[in-house]
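Here is the structure we will look at, set down as structure tokens.
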Amino acid sequence: MDGTGIAWYTSAQTDFLPEITGLRPSLYKTTTLPLADPNFKSICFNTSTRVLFAHIRATSGSQVVTTNNHPFVFGRHTFMHNGGVTDFTAIRRAICDELNLDAYGNIFGSTDSEHIAALYIHYLTSGKGPDSWQQEYSVREMAKALHKAVAFVIKAQIQILGDKRRPNSLNLAATDGRRLLTYRFRNHKVEQPPSLYYSTTAGVTLNRKFEGHPDADIGGTFGIAEEQVKKAEEHGKHVIVASEPTTYKEEEWELLPKNSCLMVETDGKVVVEDVEYEESWDAEDNTT
């Protein structure tokens with residue numbers, strides 16, 4: 001474990017800055033083990049939010065420093081990644097040359113992930129700078145921008161590395177605090193990317209806010225009366241996306257298919273679609 005980061009959305013800026021409306025991300029990153037970090041534990045025990053991104057980092061070669069931890073924030077937009085851009089150093093300059101000055105200047109670390117995040121925000125906002133990072137865009141616009149970022153990475157590898165290029169694993173996630181976009185991708189003919197699951201029911205199992213949560217002992221000497229238990233439909237609409245299921249109930253989770261994206265608009269409806277894919281993108285893993 002090389003780092004931990006969380007981004008949670010809050011109305012704090014709206015309360016103090018008249019030019020800001022809606023939720024904005026708060027960010028905490030650390031290279032300390034989470035259970036050994038009193039600040040992290042205090043935040044978790046005393047913070048409530050409706051939108052949360054959390055990431056545990058295992059470095060693929062870049063330095064173990066706080067700035068390299070996910071998530072990455074551009075205005076109201078938050079981004080994180082599980083996987084890796086292969087031979088990133090070979091295409092890093094091409095990515096930087098593609099970015100507008102503001103997106104490039106918002107890269108504080110050295111990871112492939114943060115550079116993809118900058119590409120994404122550059123395409124999402126058409127390179128219009130920090131003011132445009134405060135705007136909302138439809139989840140379809142978000143998906144289009146993310147696909148364009150992925151396509152740029154692969155085409156740069158084709159152009160620079162040729163037959164020596166290798167497949168990428170790109171499990172990506174982006175939110176503006178109101179919409180969610182996730183991406184599970186690997187450009188290899190048969191190999192799978194890391195797993196990525198989603199659920200619209202697991203929150204009932206995970207919820208500890210209400211008396212009588214589903215793991216509680218119902219009835220019995222030390223149990224809770226059945227009439228006190230909050231019904232599943234009372235917990236509200238929600239979407240959870242995770243690399244692995246975070247509850248023990250298998251039926252609560254669906255595996256996002258390879259080379260597909262999950263989109264959630266402000267109405268909370270979950271849409272899963274295949275992403276556009278060109279056969280020429282296939283690469284061989286020459287390390288096996």
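Following the order of the structure tokens, chains are lettered A, B, ..., residues in each are numbered from 1, and ligands are numbered from 1.
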**Request:** Using DSSP on the backbone coordinates, identify all residues within region 74-249 of chain A classified as strand (DSSP E); present the result as a list in words.
**Result:**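 Put together, the selection reads Phe74, His77, Thr78, Phe79, Met80, His81, Asn82, Gly83, Gly84, Ser169, Leu170, Asn171, Leu172, Ala173, Ala174, Thr175, Leu180, Leu181, Thr182, Tyr183, Arg184, Phe185, Arg186, Tyr197, Tyr198, Ser199, Ile240, Val241 and Ala242 of chain A.
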**Request:** Taking the DSSP assignment computed from this structure's backbone, write out as number ranges by chain all residues of region 51-250 of chain A that belong to alpha helix (DSSP H).
**Result:** A: 88-98, 101-105, 112-124, 130-133, 139-161, 202-206
**Request:** Please provide as a PyMOL selection string all residues within 8 Å of region 79-95 of chain A, with the sequence filter that same-chain residues fewer than 3 positions apart are discarded (counting only C-alpha atoms).
**Result:** chain A and resi 55+60+70-73+98-99+112-115+117+119+153+156-157+160-161+165-175+193-194
**Request:** Take CA of Lys164 (chain A) and CA of Asp274 (chain A) and report the distance between them in Å, one decimal.
**Result:**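 Taking CA of Lys164 (chain A) as the start and CA of Asp274 (chain A) as the end point, the length is 27.0 Å.
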**Prompt:** So which one's closest to Thr30 (chain A), A:Val239, A:Met263, A:Ala202, A:Ala54? Using only C-alpha atoms, please.
**Reply:**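 Comparing A:Val239, A:Met263, A:Ala202, A:Ala54 against Thr30 (chain A), the winner is A:Ala54.
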**Message:** Counting only C-alpha atoms, which residue out of A:Asn207, A:Asp163, A:His235, A:Tyr198 sits closest to Val272 (chain A)?
**Reply:**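 Among the listed residues, the smallest separation from Val272 (chain A) belongs to A:Tyr198.
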**Message:** So, with only C-alpha atoms as the atoms that count, which of A:Tyr9, A:Asn69, A:Cys44, A:Asp97 lies closest to Gly109 (chain A)?
**Reply:**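 Of the candidates, the smallest distance to Gly109 (chain A) is held by A:Asn69.
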**Message:** Rounded to one decimal, what separation in Å do you get between CA of Arg50 (chain A) and CA of Asn106 (chain A)?
**Reply:**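 If I compute the distance from CA of Arg50 (chain A) to CA of Asn106 (chain A), I get 25.9 Å.
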**Request:** Go through A:Ile107, A:Ala151, A:Leu262, A:Val51 one by one, measure the shortest atom-to-atom distance of each to Tyr123 (chain A) using only C-alpha atoms, and give the residue with the smallest value.
**Result:** A:Ala151
Would you kindly return, as an mmCIF file with C-alpha atoms, in the first residue's frame, each protein, DNA or RNA residue with an atom no farther than 8 Å from any atom of Leu255 (chain A), considering only C-alpha atoms and excluding same-chain residues fewer than 3 positions away?
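Resulting contents of out.cif:
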```cif
data_model
loop_
_atom_site.group_PDB
_atom_site.id
_atom_site.type_symbol
_atom_site.label_atom_id
_atom_site.label_comp_id
_atom_site.auth_asym_id
_atom_site.auth_seq_id
_atom_site.Cartn_x
_atom_site.Cartn_y
_atom_site.Cartn_z
ATOM 1 C CA SER A 195 -12.377 -6.260 -11.996
ATOM 2 C CA LEU A 196 -14.889 -3.452 -11.461
ATOM 3 C CA TYR A 197 -18.239 -4.108 -9.796
ATOM 4 C CA TYR A 198 -21.298 -1.945 -9.252
#
```
**Request:** Find, counting only C-alpha atoms, the residue in A:Ile158, A:Ala143, A:Cys96, A:Leu27 that gets nearest to Phe74 (chain A).
**Result:**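 Closest to Phe74 (chain A) of all the choices is A:Leu27.
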**Prompt:** A:Ser42, A:Thr182, A:Ser199, A:Ser48: which is nearest Val275 (chain A), counting only C-alpha atoms?
**Reply:**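 Closest candidate: A:Thr182.
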